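Next comes my_file.cif, with mmCIF, C-alpha atoms.
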data_start
loop_
_atom_site.label_atom_id
_atom_site.label_comp_id
_atom_site.auth_asym_id
_atom_site.auth_seq_id
_atom_site.Cartn_x
_atom_site.Cartn_y
_atom_site.Cartn_z
CA MET A 1 24.88 116.56 101.76
CA SER A 2 24.58 113.08 103.30
CA ARG A 3 27.04 110.41 102.22
CA SER A 4 25.68 107.45 100.28
CA LEU A 5 25.55 104.22 102.26
CA ARG A 6 27.88 101.47 101.10
CA ALA A 7 28.72 97.98 102.28
CA VAL A 8 31.53 97.57 104.81
CA LYS A 9 34.89 97.24 103.06
CA GLY A 10 35.68 93.57 102.55
CA MET A 11 32.03 92.51 102.89
CA ASN A 12 30.63 92.01 99.42
CA ASP A 13 27.18 91.91 97.86
CA ILE A 14 26.46 88.84 95.73
CA PHE A 15 23.60 89.12 93.26
CA LEU A 16 22.00 88.07 89.95
CA ASP A 17 24.25 85.84 87.81
CA GLU A 18 26.92 85.59 90.50
CA ALA A 19 24.38 84.62 93.16
CA GLU A 20 22.96 81.94 90.87
CA THR A 21 26.48 80.61 90.36
CA TRP A 22 26.83 80.40 94.14
CA GLU A 23 23.53 78.55 94.45
CA GLN A 24 24.53 75.98 91.82
CA PHE A 25 27.87 75.55 93.53
CA GLU A 26 26.17 75.07 96.91
CA THR A 27 23.97 72.33 95.43
CA LEU A 28 27.04 70.52 94.10
CA ILE A 29 28.74 70.85 97.49
CA ARG A 30 25.75 69.50 99.41
CA ASP A 31 25.47 66.49 97.10
CA TRP A 32 29.21 65.78 97.47
CA LEU A 33 29.14 65.94 101.27
CA LYS A 34 26.00 63.85 101.58
CA SER A 35 27.53 61.16 99.35
CA TYR A 36 30.00 60.54 102.19
CA GLY A 37 27.31 60.49 104.87
CA TYR A 38 27.89 63.99 106.25
CA ARG A 39 24.82 65.76 107.63
CA PRO A 40 24.20 69.51 107.99
CA ILE A 41 24.69 71.61 111.10
CA ARG A 42 23.91 75.34 111.33
CA THR A 43 25.35 77.36 114.20
CA PRO A 44 24.80 81.02 115.17
CA ILE A 45 26.93 83.66 113.49
CA VAL A 46 27.51 85.32 116.89
CA GLU A 47 29.05 83.34 119.76
CA PRO A 48 30.52 84.17 123.19
CA THR A 49 34.04 85.54 122.73
CA ALA A 50 35.32 83.04 125.31
CA LEU A 51 34.46 80.18 122.95
CA PHE A 52 37.11 81.28 120.47
CA THR A 53 39.75 82.44 122.95
CA ARG A 54 39.52 79.06 124.67
CA ALA A 55 39.36 76.92 121.52
CA ILE A 56 41.60 78.76 119.07
CA GLY A 57 44.16 80.11 121.56
CA GLU A 58 44.67 83.60 122.92
CA VAL A 59 48.09 84.04 121.26
CA THR A 60 46.98 83.16 117.73
CA ASP A 61 46.70 85.84 115.04
CA ILE A 62 42.96 85.26 114.79
CA VAL A 63 42.29 86.06 118.45
CA GLU A 64 44.94 88.75 118.83
CA LYS A 65 44.30 90.72 115.64
CA GLU A 66 41.41 89.53 113.51
CA MET A 67 38.23 88.88 115.50
CA TYR A 68 35.18 91.13 115.28
CA SER A 69 34.38 91.33 119.00
CA PHE A 70 32.06 93.68 120.85
CA GLU A 71 30.15 94.13 124.09
CA ASP A 72 26.42 93.51 124.04
CA ALA A 73 24.90 96.83 125.14
CA LEU A 74 21.89 94.99 126.57
CA ASN A 75 23.68 92.83 129.14
CA GLY A 76 27.42 93.45 128.86
CA ASP A 77 28.23 90.03 127.36
CA ARG A 78 31.38 89.82 125.24
CA LEU A 79 30.38 88.52 121.81
CA THR A 80 32.24 87.75 118.57
CA LEU A 81 31.26 87.23 114.95
CA ARG A 82 32.52 83.71 114.33
CA PRO A 83 35.98 83.67 112.70
CA GLU A 84 35.75 79.91 112.02
CA ASN A 85 33.20 77.19 112.71
CA THR A 86 34.96 74.19 114.25
CA ALA A 87 34.70 75.67 117.74
CA SER A 88 31.00 76.45 117.19
CA CYS A 89 30.33 72.89 115.96
CA VAL A 90 32.04 71.41 119.02
CA ARG A 91 30.10 73.75 121.31
CA ALA A 92 26.82 72.67 119.67
CA VAL A 93 27.70 68.98 119.86
CA MET A 94 28.48 69.32 123.56
CA GLN A 95 25.49 71.51 124.38
CA HIS A 96 23.00 69.15 122.73
CA SER A 97 24.76 65.87 123.63
CA LEU A 98 24.85 64.82 119.98
CA LEU A 99 27.46 62.12 120.54
CA HIS A 100 25.34 60.12 123.00
CA SER A 101 23.88 58.25 120.03
CA GLY A 102 27.29 57.60 118.46
CA PRO A 103 29.91 59.36 116.29
CA LYS A 104 28.73 62.08 113.93
CA ARG A 105 29.77 63.29 110.48
CA LEU A 106 28.68 66.94 110.17
CA TYR A 107 29.07 69.67 107.56
CA TYR A 108 28.45 73.40 107.47
CA TYR A 109 28.36 76.13 104.85
CA GLY A 110 28.17 79.80 105.72
CA PRO A 111 29.76 83.19 106.40
CA MET A 112 32.74 83.77 108.72
CA PHE A 113 34.32 87.08 109.74
CA ARG A 114 37.89 88.29 110.22
CA HIS A 115 39.04 91.87 110.58
CA GLU A 116 42.01 91.89 108.22
CA ARG A 117 43.10 93.70 105.10
CA PRO A 118 40.93 92.55 102.17
CA GLN A 119 42.76 91.04 99.19
CA LYS A 120 42.03 88.63 96.34
CA GLY A 121 40.22 85.61 97.70
CA ARG A 122 40.44 86.90 101.29
CA TYR A 123 37.65 89.12 102.62
CA ARG A 124 36.37 90.37 105.98
CA GLN A 125 33.15 88.46 105.46
CA PHE A 126 34.01 85.24 103.70
CA HIS A 127 32.32 81.89 103.30
CA GLN A 128 33.53 78.47 104.30
CA ILE A 129 32.57 74.88 103.65
CA GLY A 130 33.59 72.60 106.49
CA ALA A 131 33.30 68.96 107.49
CA GLU A 132 33.71 67.73 111.06
CA ALA A 133 33.91 64.05 112.05
CA LEU A 134 33.51 63.64 115.82
CA GLY A 135 33.91 60.40 117.77
CA PHE A 136 36.11 58.60 115.23
CA ASP A 137 39.55 57.36 116.29
CA GLY A 138 42.21 55.95 114.01
CA PRO A 139 43.76 57.13 110.74
CA ASP A 140 40.89 56.09 108.48
CA ILE A 141 38.74 59.18 109.12
CA ASP A 142 41.76 61.47 108.57
CA ALA A 143 42.32 59.80 105.20
CA GLU A 144 38.62 59.94 104.31
CA LEU A 145 38.57 63.71 104.78
CA ILE A 146 41.55 64.06 102.45
CA LEU A 147 40.07 61.69 99.85
CA MET A 148 36.82 63.68 99.95
CA CYS A 149 38.73 66.79 98.92
CA ALA A 150 40.49 64.97 96.10
CA ARG A 151 37.11 63.88 94.74
CA LEU A 152 35.79 67.44 94.88
CA TRP A 153 38.77 68.78 92.91
CA ASP A 154 38.05 66.12 90.29
CA ASP A 155 34.33 66.94 90.20
CA LEU A 156 35.17 70.64 89.70
CA GLY A 157 37.86 69.94 87.09
CA LEU A 158 40.53 71.65 89.23
CA GLU A 159 44.19 70.96 88.59
CA ASP A 160 47.47 72.22 90.08
CA ILE A 161 46.29 71.60 93.66
CA ARG A 162 48.81 69.68 95.73
CA LEU A 163 48.53 68.00 99.11
CA GLU A 164 50.90 68.65 102.02
CA LEU A 165 50.81 66.55 105.20
CA ASN A 166 52.41 66.60 108.62
CA SER A 167 51.90 65.12 112.07
CA LEU A 168 51.89 67.36 115.14
CA GLY A 169 51.89 64.38 117.48
CA SER A 170 50.41 64.49 120.96
CA SER A 171 50.40 67.42 123.39
CA GLU A 172 53.25 65.81 125.34
CA GLU A 173 55.33 65.36 122.20
CA ARG A 174 54.69 68.94 121.16
CA ALA A 175 55.75 70.12 124.61
CA GLY A 176 59.16 68.49 124.15
CA HIS A 177 59.48 70.03 120.70
CA ARG A 178 58.33 73.40 122.04
CA ALA A 179 61.08 73.46 124.64
CA ALA A 180 63.67 72.63 121.98
CA LEU A 181 62.35 75.39 119.70
CA ILE A 182 62.51 78.01 122.44
CA GLU A 183 66.08 77.05 123.26
CA TYR A 184 67.05 77.14 119.56
CA PHE A 185 65.41 80.48 118.76
CA GLU A 186 66.70 82.09 121.96
CA ALA A 187 70.19 81.24 120.76
CA HIS A 188 69.43 83.13 117.52
CA ALA A 189 67.35 85.95 119.00
CA GLU A 190 69.11 88.61 116.93
CA GLN A 191 67.68 87.02 113.73
CA LEU A 192 64.05 87.00 114.87
CA ASP A 193 61.61 89.53 113.46
CA GLU A 194 58.98 91.29 115.58
CA ASP A 195 56.32 88.60 115.17
CA ALA A 196 58.75 85.79 115.98
CA THR A 197 60.04 87.62 119.06
CA ARG A 198 56.47 88.10 120.28
CA ARG A 199 55.64 84.41 119.74
CA LEU A 200 58.87 82.98 121.15
CA HIS A 201 57.55 82.16 124.63
CA THR A 202 53.81 81.98 123.83
CA ASN A 203 53.50 80.03 120.57
CA PRO A 204 56.95 79.18 119.15
CA LEU A 205 55.51 76.56 116.77
CA ARG A 206 53.97 79.41 114.76
CA ILE A 207 57.43 80.83 114.06
CA LEU A 208 57.91 77.86 111.72
CA ASP A 209 55.03 79.19 109.61
CA THR A 210 56.68 82.59 109.02
CA LYS A 211 56.44 84.12 105.56
CA ASN A 212 59.48 86.36 106.19
CA PRO A 213 62.11 85.39 103.56
CA ASP A 214 64.91 86.64 105.82
CA MET A 215 64.04 83.96 108.37
CA GLN A 216 63.69 80.94 106.06
CA ALA A 217 67.22 79.63 106.58
CA LEU A 218 66.84 79.94 110.35
CA VAL A 219 63.52 78.11 110.31
CA GLU A 220 64.84 75.34 108.06
CA ALA A 221 67.58 74.57 110.58
CA ALA A 222 65.21 74.55 113.57
CA PRO A 223 64.49 71.29 115.50
CA ARG A 224 61.91 69.17 113.67
CA LEU A 225 58.79 67.89 115.35
CA ASP A 226 59.03 64.46 113.74
CA ALA A 227 62.10 63.77 115.89
CA TYR A 228 59.87 63.99 118.97
CA LEU A 229 57.01 61.76 117.75
CA GLY A 230 56.34 58.61 119.74
CA GLU A 231 55.46 55.16 118.39
CA GLU A 232 51.69 55.69 118.54
CA SER A 233 51.80 59.02 116.68
CA ARG A 234 54.12 57.56 114.02
CA ALA A 235 51.83 54.55 113.54
CA HIS A 236 48.80 56.82 113.13
CA PHE A 237 50.56 58.99 110.56
CA ASP A 238 51.84 55.93 108.69
CA GLY A 239 48.25 54.63 108.58
CA VAL A 240 47.02 57.84 106.96
CA GLN A 241 49.78 57.75 104.37
CA GLN A 242 49.15 54.10 103.51
CA ILE A 243 45.48 54.77 102.72
CA LEU A 244 46.46 57.71 100.51
CA LYS A 245 49.05 55.59 98.70
CA ASP A 246 46.50 52.82 98.14
CA ALA A 247 44.11 55.42 96.67
CA GLY A 248 46.79 56.86 94.38
CA ILE A 249 46.73 60.33 96.00
CA PRO A 250 50.13 62.08 95.67
CA TYR A 251 51.31 64.12 98.64
CA THR A 252 54.34 65.72 100.24
CA VAL A 253 55.23 65.46 103.92
CA ASN A 254 55.98 69.03 105.00
CA PRO A 255 57.59 69.02 108.49
CA ARG A 256 57.02 72.80 108.77
CA LEU A 257 53.26 72.55 108.31
CA VAL A 258 51.82 73.57 111.69
CA ARG A 259 48.41 75.22 111.06
CA GLY A 260 47.41 78.46 112.77
CA LEU A 261 45.05 77.16 115.45
CA ASP A 262 46.08 75.73 118.80
CA TYR A 263 43.60 72.84 118.88
CA TYR A 264 45.22 70.64 116.20
CA ASN A 265 47.12 67.42 117.01
CA ARG A 266 48.43 64.45 115.02
CA THR A 267 47.48 64.70 111.33
CA VAL A 268 47.35 68.15 109.74
CA PHE A 269 47.01 68.81 106.02
CA GLU A 270 46.67 71.57 103.46
CA TRP A 271 45.66 71.56 99.81
CA VAL A 272 47.61 74.40 98.17
CA THR A 273 47.94 76.00 94.74
CA ASP A 274 50.17 78.57 93.08
CA ARG A 275 47.24 80.01 91.12
CA LEU A 276 45.93 82.37 93.83
CA GLY A 277 49.02 84.45 94.53
CA SER A 278 50.25 84.56 98.11
CA GLN A 279 46.96 83.18 99.45
CA GLY A 280 47.57 79.68 98.12
CA THR A 281 45.75 77.49 100.66
CA VAL A 282 42.53 76.10 99.18
CA CYS A 283 41.58 73.74 102.01
CA ALA A 284 43.11 72.99 105.41
CA GLY A 285 42.33 70.68 108.26
CA GLY A 286 43.42 67.89 110.53
CA ARG A 287 42.79 66.16 113.80
CA TYR A 288 41.81 67.95 117.03
CA ASP A 289 41.34 65.19 119.60
CA GLY A 290 41.74 67.45 122.63
CA LEU A 291 39.28 70.21 121.77
CA VAL A 292 36.12 68.73 123.30
CA GLU A 293 37.91 68.05 126.57
CA GLN A 294 39.56 71.50 126.43
CA MET A 295 36.08 73.01 126.23
CA GLY A 296 34.83 71.08 129.25
CA GLY A 297 33.58 67.82 127.74
CA LYS A 298 34.81 64.24 127.75
CA ALA A 299 37.91 63.34 125.73
CA THR A 300 36.65 62.81 122.17
CA PRO A 301 38.58 62.06 118.97
CA ALA A 302 37.74 64.47 116.15
CA ALA A 303 38.98 65.65 112.75
CA GLY A 304 37.81 68.03 110.06
CA PHE A 305 38.61 70.54 107.35
CA ALA A 306 37.47 73.92 106.04
CA MET A 307 37.77 75.52 102.62
CA GLY A 308 37.05 79.01 101.35
CA VAL A 309 34.18 79.31 98.90
CA GLU A 310 35.49 82.49 97.25
CA ARG A 311 38.82 80.85 96.47
CA LEU A 312 37.21 77.66 95.20
CA LEU A 313 34.89 79.59 92.89
CA ALA A 314 37.82 81.62 91.53
CA LEU A 315 39.76 78.42 90.80
CA TRP A 316 36.72 76.74 89.25
CA GLN A 317 36.07 79.66 86.90
CA GLU A 318 39.77 79.96 86.03
CA SER A 319 39.65 76.27 85.09
CA GLY A 320 36.77 76.86 82.68
CA GLY A 321 33.93 76.09 85.07
CA GLU A 322 30.78 77.65 83.66
CA PRO A 323 27.49 77.53 85.59
CA GLU A 324 24.30 76.93 83.70
CA ARG A 325 22.30 80.10 83.20
CA GLU A 326 19.01 80.02 85.07
CA VAL A 327 16.21 80.70 82.58
CA PRO A 328 12.43 80.39 82.88
CA ASP A 329 10.47 77.88 80.86
CA VAL A 330 8.19 80.57 79.50
CA TYR A 331 7.77 84.36 79.37
CA LEU A 332 4.20 85.69 79.26
CA VAL A 333 3.56 88.68 76.99
CA HIS A 334 0.16 90.36 77.23
CA GLN A 335 -1.64 93.53 76.19
CA GLY A 336 -5.24 94.62 76.56
CA GLU A 337 -7.65 94.75 79.47
CA LEU A 338 -8.99 91.21 79.08
CA ALA A 339 -5.52 89.86 78.27
CA ASP A 340 -3.94 91.48 81.32
CA ARG A 341 -6.51 89.93 83.64
CA MET A 342 -6.22 86.51 81.97
CA ALA A 343 -2.40 86.51 82.02
CA PHE A 344 -2.21 86.24 85.81
CA GLY A 345 -4.38 83.12 85.81
CA VAL A 346 -2.41 81.52 82.97
CA ALA A 347 0.93 82.19 84.72
CA GLU A 348 -0.28 80.74 88.03
CA GLY A 349 -1.76 77.73 86.22
CA LEU A 350 1.61 76.99 84.56
CA ARG A 351 3.42 77.29 87.89
CA THR A 352 0.93 74.89 89.45
CA GLN A 353 1.85 72.43 86.69
CA GLY A 354 5.55 72.75 87.61
CA PHE A 355 6.73 75.25 84.99
CA SER A 356 8.77 78.37 85.77
CA ALA A 357 7.05 81.40 84.27
CA ILE A 358 7.86 85.10 84.17
CA LEU A 359 4.82 87.33 83.78
CA HIS A 360 5.65 90.63 82.11
CA CYS A 361 4.80 93.54 84.39
CA GLY A 362 4.84 97.28 83.75
CA GLY A 363 3.04 97.44 80.40
CA GLY A 364 4.65 98.30 77.09
CA SER A 365 4.12 97.42 73.46
CA PHE A 366 4.17 93.85 72.17
CA LYS A 367 7.49 94.64 70.47
CA ASN A 368 9.16 95.80 73.68
CA GLN A 369 7.69 92.91 75.65
CA MET A 370 9.00 90.42 73.09
CA LYS A 371 12.48 91.95 73.49
CA LYS A 372 12.20 91.27 77.22
CA ALA A 373 11.04 87.73 76.50
CA ASP A 374 14.04 87.15 74.26
CA ALA A 375 16.46 88.63 76.83
CA SER A 376 15.06 86.35 79.56
CA GLY A 377 16.45 83.30 77.77
CA ALA A 378 13.10 81.53 77.94
CA PRO A 379 12.71 78.93 75.17
CA CYS A 380 9.04 79.86 74.71
CA ALA A 381 6.81 82.91 74.91
CA VAL A 382 3.12 82.82 75.67
CA ILE A 383 1.38 85.75 73.96
CA ILE A 384 -2.04 86.93 75.07
CA GLY A 385 -4.00 89.71 73.42
CA ASP A 386 -7.67 90.50 73.83
CA ASP A 387 -8.39 88.35 70.76
CA GLU A 388 -6.82 85.29 72.44
CA ALA A 389 -8.45 86.14 75.75
CA GLN A 390 -11.93 86.25 74.24
CA ALA A 391 -11.35 82.82 72.65
CA GLY A 392 -9.88 81.26 75.82
CA GLU A 393 -6.63 80.65 73.99
CA VAL A 394 -3.01 81.81 73.92
CA THR A 395 -0.37 82.02 71.22
CA LEU A 396 2.66 79.81 72.00
CA LYS A 397 5.81 80.99 70.25
CA PRO A 398 9.14 79.07 70.27
CA MET A 399 11.96 81.58 70.84
CA ARG A 400 15.11 79.59 70.13
CA ASP A 401 14.73 77.09 67.28
CA GLY A 402 12.72 79.03 64.72
CA GLY A 403 9.66 76.81 65.17
CA GLU A 404 6.16 77.86 64.19
CA GLN A 405 3.96 79.66 66.68
CA GLN A 406 0.55 78.15 67.37
CA ARG A 407 -2.74 79.01 69.00
CA VAL A 408 -3.45 76.74 71.97
CA ALA A 409 -6.47 76.43 74.25
CA VAL A 410 -5.59 77.45 77.80
CA ASP A 411 -6.67 74.02 79.11
CA ALA A 412 -4.21 72.31 76.75
CA LEU A 413 -1.31 74.73 77.24
CA ALA A 414 0.59 72.73 79.85
CA ASP A 415 0.65 69.56 77.73
CA VAL A 416 1.66 71.36 74.53
CA LEU A 417 4.32 73.38 76.35
CA ALA A 418 5.77 70.22 77.93
CA ASP A 419 6.09 68.57 74.52
CA LEU A 420 7.68 71.68 73.05
CA LEU A 421 10.21 72.03 75.87
CA PHE A 422 11.12 68.36 75.61
CA ALA A 423 11.75 68.76 71.89
CA VAL A 424 13.98 71.79 72.54
CA GLU A 425 16.00 69.92 75.18
CA ASP A 426 16.31 66.90 72.93
CA ASP A 427 17.71 69.06 70.11
CA ASP A 428 20.25 70.51 72.56
CA GLY A 429 21.39 67.04 73.55
CA SER A 430 20.61 67.70 77.19
CA VAL A 431 18.04 64.92 77.58
#
Could you show the structure in this file as C-alpha cells?
Amino acid sequence: MSRSLRAVKGMNDIFLDEAETWEQFETLIRDWLKSYGYRPIRTPIVEPTALFTRAIGEVTDIVEKEMYSFEDALNGDRLTLRPENTASCVRAVMQHSLLHSGPKRLYYYGPMFRHERPQKGRYRQFHQIGAEALGFDGPDIDAELILMCARLWDDLGLEDIRLELNSLGSSEERAGHRAALIEYFEAHAEQLDEDATRRLHTNPLRILDTKNPDMQALVEAAPRLDAYLGEESRAHFDGVQQILKDAGIPYTVNPRLVRGLDYYNRTVFEWVTDRLGSQGTVCAGGRYDGLVEQMGGKATPAAGFAMGVERLLALWQESGGEPEREVPDVYLVHQGELADRMAFGVAEGLRTQGFSAILHCGGGSFKNQMKKADASGAPCAVIIGDDEAQAGEVTLKPMRDGGEQQRVAVDALADVLADLLFAVEDDDGSV
C-alpha cells in the first residue's frame, strides 16, 4: 500500500480563514512600509550557494548547519534555498545598478528556508518581512528603522516588546576586540562547551551569544566591545540613541548583543519578548556598511531589519488581534432550468458592478441552498426560481437584520442591493 503524501515537516500549508488572515496582515504591512517611502523588491527563492557563504560567513550556524543546499543536476551549479534576504537584495541592487540613481529604501515579504528542528514560531519554511535602506550614511536611517518597528507594534496593539541596542563598531575595532576575546577564552578553555570551542578561532564574537547557562558567568566577565570603539563609532551610536530618546522610545544597551551574521557593523538591534518561549526575538537588524564591497561592489552604507511573520501573527492574535472575516456581498440561490441559466448572468452582472457574489453550484433544494447562503456570511441572498426567471426578476432577501425580502427587476438589482448593503453597514456602525 502506497504511503499518503504529506508536506515536508516544518513546511506548513496555509488555507481558508488562516490564509485570509495572512492576506489582511500583508495589506497592513505593505501600507505601513509604503508610509515610510519603502518600495518592493522580489528576489528569487533559489540563489547561488556562494552568495550566502560569502555574505553571511562560512562559520555561522546558518551556513554550517541550516542551509538547504543542493547541486543542480542540469549543470552542476551549487544552489541554495534562501535562508535570509539581505544578501539577495544586495546582489540584486548590484546586478541591476539600482544605486546609480541615488539611495534606495526597499522592502520584501516572502518565504525563507532553514533546515533546523521545527518549534513554535520557528519552521523550516518561514516567512519574513524585511526593510533595507542602501546608500544612507549617518545614524538617522538606523533610528528610522527602529522607529518604524515601534509604530508597527502600536498599529498591531502589541505590548511587552522591548528594544535592545548595541554597537559593533568598525571592522578594525572588532578585530582588536576579537583578539582580546580569543586570549580571554583561551585562558578559560576548560569552561568552554563544544560550540564555543569550535568558534574560538573562527568566530569568537558568537560565543557571547551562547544560550548555555553554565557559560553565562564566563561570558559576562569577557572583554566588552564598547571598550574598543573609536570616536566615530561612539558618535554614530550616540546619534542613534539621541533620536530614540527624542521620540520617547525606551531601550536597553546590551553589550552582548552581537547578531548571528558576519556582515553587521556599528548599530545592531533586536526587539524581543518573553511571550514566545525561548524564541523571543520578534525583529532584528542593524547596519551592514561593508556588505556591498564584500560582495564585489563599491563601498556603500546600508542598514535594515527582518521580522518573522509567524511570530508576529502569534503575538497579534495573543494580544486580541482579530481579522475581519471575508464574506461575499451576496449569495445566489437558484432552482429550475430557466433559473439556473439566468443565475449565471445575474452573478456576472453583479460582479461587473463591483459586488462580490457566490453562485451556488451543485444543485440541492432551496432549503439546503439557503443554509449555504447563511453559512457564507453574506448579508443578502438573491433567490431565483423559474417564476422569477420568467418575469425577469429576482427575490432579494436580507440575511442578517430580519428585513423584508422583495422582488426586484434584474436591471434594478445593483442599485437596490447597494442601498441595502449601505443600510446594513450603517446599522453596524462601520460606515
Excluding Pro83 (chain A) and residues on its chain fewer than 4 positions from it, collect all residues at most 10 Å away from it, counting only C-alpha atoms, and give them as a PyMOL selection string. chain A and resi 45-47+52+56+62-63+66-68+87-88+111-115+124-126
Let's have the selection written as a tab-separated table (two decimals), keeping the file's coordinate frame, with C-alpha atoms.
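Here's the written file again-v8.tsv:
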chain	number	residue	atom	x	y	z
A	45	ILE	CA	26.93	83.66	113.49
A	46	VAL	CA	27.51	85.32	116.89
A	47	GLU	CA	29.05	83.34	119.76
A	52	PHE	CA	37.11	81.28	120.47
A	56	ILE	CA	41.60	78.76	119.07
A	62	ILE	CA	42.96	85.26	114.79
A	63	VAL	CA	42.29	86.06	118.45
A	66	GLU	CA	41.41	89.53	113.51
A	67	MET	CA	38.23	88.88	115.50
A	68	TYR	CA	35.18	91.13	115.28
A	87	ALA	CA	34.70	75.67	117.74
A	88	SER	CA	31.00	76.45	117.19
A	111	PRO	CA	29.76	83.19	106.40
A	112	MET	CA	32.74	83.77	108.72
A	113	PHE	CA	34.32	87.08	109.74
A	114	ARG	CA	37.89	88.29	110.22
A	115	HIS	CA	39.04	91.87	110.58
A	124	ARG	CA	36.37	90.37	105.98
A	125	GLN	CA	33.15	88.46	105.46
A	126	PHE	CA	34.01	85.24	103.70
Could you state which residues are captured by the PyMOL selection byres ((chain A and resi 385) around 7) in this file, as a PDB file with C-alpha atoms, in the coordinates of the input?
ATOM      1  CA  HIS A 334       0.160  90.360  77.230  1.00  0.00           C
ATOM      2  CA  GLN A 335      -1.640  93.530  76.190  1.00  0.00           C
ATOM      3  CA  GLY A 336      -5.240  94.620  76.560  1.00  0.00           C
ATOM      4  CA  ALA A 339      -5.520  89.860  78.270  1.00  0.00           C
ATOM      5  CA  ILE A 383       1.380  85.750  73.960  1.00  0.00           C
ATOM      6  CA  ILE A 384      -2.040  86.930  75.070  1.00  0.00           C
ATOM      7  CA  ASP A 386      -7.670  90.500  73.830  1.00  0.00           C
ATOM      8  CA  ASP A 387      -8.390  88.350  70.760  1.00  0.00           C
ATOM      9  CA  GLU A 388      -6.820  85.290  72.440  1.00  0.00           C
ATOM     10  CA  ALA A 389      -8.450  86.140  75.750  1.00  0.00           C
TER      11      ALA A 389
END
Just so the selection is clear, what residues does the PyMOL selection byres ((chain A and resi 194-211) around 9) cover here, as a list of chain:residue names?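 This file, filtered by the PyMOL selection byres ((chain A and resi 194-211) around 9), leaves A:Val59, A:Thr60, A:Arg174, A:His177, A:Arg178, A:Ala179, A:Leu181, A:Ile182, A:Phe185, A:Glu186, A:Ala189, A:Leu192, A:Asp193, A:Asn212, A:Pro213, A:Asp214, A:Met215, A:Gln216, A:Val219, A:Glu220, A:Ala222, A:Arg256, A:Leu257, A:Val258, A:Arg259, A:Gly260, A:Asp262.
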Taking every listed atom of region 163-180 of chain A and adding 4 Å to each side, what centre and edge lengths in Å (one decimal) does the axis-aligned box have, as JSON?
{"center_x": 56.1, "center_y": 68.9, "center_z": 112.2, "size_x": 23.1, "size_y": 17.1, "size_z": 34.2}
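Distances here use only C-alpha atoms; by that measure, the residue among A:Asp140, A:Asp411, A:Glu326, A:Asp72 closest to Ala19 (chain A) is A:Glu326.
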Starting from the PyMOL selection byres ((chain A and resi 7-12) around 9), expand the selection into actual residues of this file and give them as a PyMOL selection string. chain A and resi 5-6+13-14+115-119+122-126
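Nearest-residue note for Cys380 (chain A): choosing from A:Ile129, A:Val394, A:Leu421, A:Leu51, the minimum distance belongs to A:Leu421, counting all atoms listed in the file.
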CA of Ala92 (chain A) and CA of Pro48 (chain A), how far apart in Å?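 CA of Ala92 (chain A) lies 12.6 Å from CA of Pro48 (chain A).
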Give as a PyMOL selection string each residue that has an atom at most 10 Å from (33.9, 74.0, 116.5) in the file, counting only C-alpha atoms. chain A and resi 43+51-52+55-56+84-93+132+288+291-292+304
Could you please determine the separation between CA of Asp419 (chain A) and CA of Gln353 (chain A) in Å, to one decimal place?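 CA of Gln353 (chain A) lies at a distance of 13.5 Å from CA of Asp419 (chain A).
Relative to CA of Arg325 (chain A), CA of Thr395 (chain A) is found at 25.7 Å.
Across A:Ala221, A:Leu147, A:Ala187, A:Ala175, the tightest approach to Asn265 (chain A) is made by A:Ala175 when counting all atoms listed in the file.
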